[in-house]
Each structure stands twice: as C-alpha cells, then as structure tokens.
>>> print(open('coords_0.pdb').read())   # PDB, C-alpha atoms, pLDDT in the B column
ATOM      1  CA  MET V   1     179.632  69.341  51.957  1.00 58.00           C
ATOM      2  CA  LEU V   2     182.223  71.474  53.630  1.00 62.00           C
ATOM      3  CA  ASP V   3     184.836  68.754  53.189  1.00 73.00           C
ATOM      4  CA  GLY V   4     184.366  68.948  49.432  1.00 72.00           C
ATOM      5  CA  ALA V   5     184.824  72.712  49.489  1.00 68.00           C
ATOM      6  CA  MET V   6     188.009  72.329  51.510  1.00 70.00           C
ATOM      7  CA  LYS V   7     189.358  69.762  49.028  1.00 75.00           C
ATOM      8  CA  CYS V   8     188.625  72.171  46.175  1.00 73.00           C
ATOM      9  CA  SER V   9     190.385  74.927  48.056  1.00 71.00           C
ATOM     10  CA  ARG V  10     193.507  72.800  48.502  1.00 77.00           C
ATOM     11  CA  LEU V  11     193.414  71.700  44.861  1.00 73.00           C
ATOM     12  CA  ARG V  12     193.223  75.261  43.597  1.00 72.00           C
ATOM     13  CA  GLN V  13     196.437  76.067  45.439  1.00 75.00           C
ATOM     14  CA  THR V  14     198.421  73.150  44.005  1.00 81.00           C
ATOM     15  CA  ARG V  15     197.076  72.719  40.480  1.00 82.00           C
ATOM     16  CA  GLU V  16     198.588  74.842  37.726  1.00 83.00           C
ATOM     17  CA  GLN V  17     197.249  75.983  34.382  1.00 85.00           C
ATOM     18  CA  PHE V  18     199.156  78.139  31.886  1.00 87.00           C
ATOM     19  CA  GLY V  19     202.095  78.138  34.292  1.00 87.00           C
ATOM     20  CA  LYS V  20     200.125  79.722  37.175  1.00 87.00           C
ATOM     21  CA  PRO V  21     198.167  78.217  40.078  1.00 84.00           C
ATOM     22  CA  ILE V  22     194.469  78.110  39.240  1.00 83.00           C
ATOM     23  CA  ALA V  23     193.838  80.056  42.461  1.00 80.00           C
ATOM     24  CA  SER V  24     195.079  83.154  40.668  1.00 84.00           C
ATOM     25  CA  PHE V  25     192.175  83.092  38.202  1.00 85.00           C
ATOM     26  CA  GLN V  26     189.206  85.259  39.173  1.00 88.00           C
ATOM     27  CA  LEU V  27     186.640  82.777  37.869  1.00 87.00           C
ATOM     28  CA  VAL V  28     187.967  80.043  40.168  1.00 85.00           C
ATOM     29  CA  GLN V  29     187.968  82.438  43.110  1.00 86.00           C
ATOM     30  CA  ASP V  30     184.388  83.495  42.349  1.00 90.00           C
ATOM     31  CA  LEU V  31     183.177  79.901  42.063  1.00 87.00           C
ATOM     32  CA  LEU V  32     184.747  78.944  45.392  1.00 86.00           C
ATOM     33  CA  VAL V  33     183.229  81.950  47.161  1.00 87.00           C
ATOM     34  CA  LYS V  34     179.785  81.110  45.786  1.00 89.00           C
ATOM     35  CA  MET V  35     180.180  77.456  46.787  1.00 86.00           C
ATOM     36  CA  ILE V  36     181.147  78.333  50.357  1.00 85.00           C
ATOM     37  CA  GLY V  37     178.310  80.879  50.533  1.00 88.00           C
ATOM     38  CA  ASN V  38     175.770  78.273  49.407  1.00 87.00           C
ATOM     39  CA  ILE V  39     177.061  75.762  51.934  1.00 85.00           C
ATOM     40  CA  THR V  40     176.851  78.309  54.738  1.00 87.00           C
ATOM     41  CA  ALA V  41     173.311  79.319  53.742  1.00 88.00           C
ATOM     42  CA  SER V  42     172.250  75.655  53.688  1.00 86.00           C
ATOM     43  CA  GLN V  43     173.725  75.092  57.138  1.00 87.00           C
ATOM     44  CA  CYS V  44     171.875  78.132  58.512  1.00 90.00           C
ATOM     45  CA  LEU V  45     168.621  76.887  56.985  1.00 89.00           C
ATOM     46  CA  VAL V  46     169.075  73.451  58.556  1.00 88.00           C
ATOM     47  CA  VAL V  47     169.704  75.010  61.967  1.00 92.00           C
ATOM     48  CA  ARG V  48     166.607  77.213  61.672  1.00 92.00           C
ATOM     49  CA  LEU V  49     164.418  74.340  60.491  1.00 90.00           C
ATOM     50  CA  SER V  50     165.660  72.231  63.395  1.00 92.00           C
ATOM     51  CA  GLN V  51     164.666  74.995  65.789  1.00 95.00           C
ATOM     52  CA  MET V  52     161.229  75.225  64.189  1.00 93.00           C
ATOM     53  CA  GLN V  53     160.831  71.439  64.483  1.00 92.00           C
ATOM     54  CA  ASP V  54     161.689  71.605  68.180  1.00 95.00           C
ATOM     55  CA  GLU V  55     159.118  74.392  68.652  1.00 95.00           C
ATOM     56  CA  GLY V  56     156.470  72.445  66.746  1.00 92.00           C
ATOM     57  CA  LYS V  57     156.204  75.109  64.049  1.00 92.00           C
ATOM     58  CA  LEU V  58     157.683  73.199  61.100  1.00 89.00           C
ATOM     59  CA  ALA V  59     155.287  72.897  58.158  1.00 89.00           C
ATOM     60  CA  ASP V  60     155.495  70.948  54.904  1.00 86.00           C
ATOM     61  CA  GLU V  61     156.382  74.127  53.032  1.00 87.00           C
ATOM     62  CA  HIS V  62     159.501  74.520  55.143  1.00 85.00           C
ATOM     63  CA  ALA V  63     160.716  71.020  54.318  1.00 79.00           C
ATOM     64  CA  SER V  64     160.117  71.750  50.641  1.00 85.00           C
ATOM     65  CA  LEU V  65     162.222  74.881  50.941  1.00 82.00           C
ATOM     66  CA  ALA V  66     165.071  72.831  52.379  1.00 78.00           C
ATOM     67  CA  ARG V  67     164.898  70.356  49.507  1.00 80.00           C
ATOM     68  CA  LEU V  68     164.809  73.167  46.974  1.00 79.00           C
ATOM     69  CA  SER V  69     167.840  74.934  48.396  1.00 72.00           C
ATOM     70  CA  ALA V  70     169.967  71.790  48.840  1.00 68.00           C
ATOM     71  CA  PRO V  71     173.098  71.921  46.692  1.00 60.00           C
TER      72      PRO V  71
END
>>> encode(input="coords_0.pdb", output="structure tokens")
Amino acid sequence: MLDGAMKCSRLRQTREQFGKPIASFQLVQDLLVKMIGNITASQCLVVRLSQMQDEGKLADEHASLARLSAP
C-alpha cells in the first residue's frame, strides 16, 4: 500500500497540467494526505489486532472491523 502512495507522490512532482506540476494543486495535495492517513491508520489497526491475537483477546468483531477499514 505504501509503495503505491510513494509512486503517486513521485508522479505528482513530475506530471504537469496547465503548465504547472500537479503537486501545486490543493486537491491533489489533499487527496495524497488523506491516502497516507488512511494507510497509516490501517497499519496501526493491523498492529493492534496482532497484539490482541497474541493476547488471545481477538474476537470476530475485530476481524470485521479490519475488513471494513481496509482501503
């Protein structure tokens, strides 16, 4: 997931639209920030669910939450 975000980040710096790099557009910046935030949140959830599995506290509802929040 993070590799895809990094590729998008590199693309936004090189691709141009209307004579300017697309990185200069606020919408593109906002979309990238949201994407990276979602990836980070998913990674944190996976770490926490792994800890709960190790402790024997993981329930079906938790696995459903992980599926629901997957990008």
>>> closest_residue(input="coords_0.pdb", among="V:Leu31, V:Ile22, V:Leu11, V:Ala66", to="Leu49 of chain V", atoms="only C-alpha atoms")
V:Ala66
>>> residues_near_point(input="coords_0.pdb", point="(170.1, 74.9, 46.8)", cutoff="12 Å", atoms="all atoms listed in the file", output="ChimeraX atom specification")
/V:34-35,37-43,45-46,64-71
>>> atom_distance(input="coords_0.pdb", atom1="atom CA of Cys44 of chain V", atom2="atom CA of Gln29 of chain V")
22.7 Å
>>> axis_aligned_box(input="coords_0.pdb", around="segment 10-27 of chain V", padding_each_side="5 Å", output="lines of an AutoDock Vina configuration file")
center_x = 194.4
center_y = 78.5
center_z = 40.2
size_x = 25.5
size_y = 23.6
size_z = 26.6
>>> atom_distance(input="coords_0.pdb", atom1="atom CA of Ala23 of chain V", atom2="atom CA of Ile36 of chain V")
15.0 Å
>>> atom_distance(input="coords_0.pdb", atom1="atom CA of Gly4 of chain V", atom2="atom CA of Asp60 of chain V")
29.5 Å
>>> closest_residue(input="coords_0.pdb", among="V:Arg48, V:Lys7, V:Lys20, V:Lys57", to="Leu32 of chain V", atoms="only C-alpha atoms")
V:Lys7
>>> closest_residue(input="coords_0.pdb", among="V:Leu58, V:Val33, V:Pro21, V:Gln26", to="Met6 of chain V", atoms="all atoms listed in the file")
V:Val33
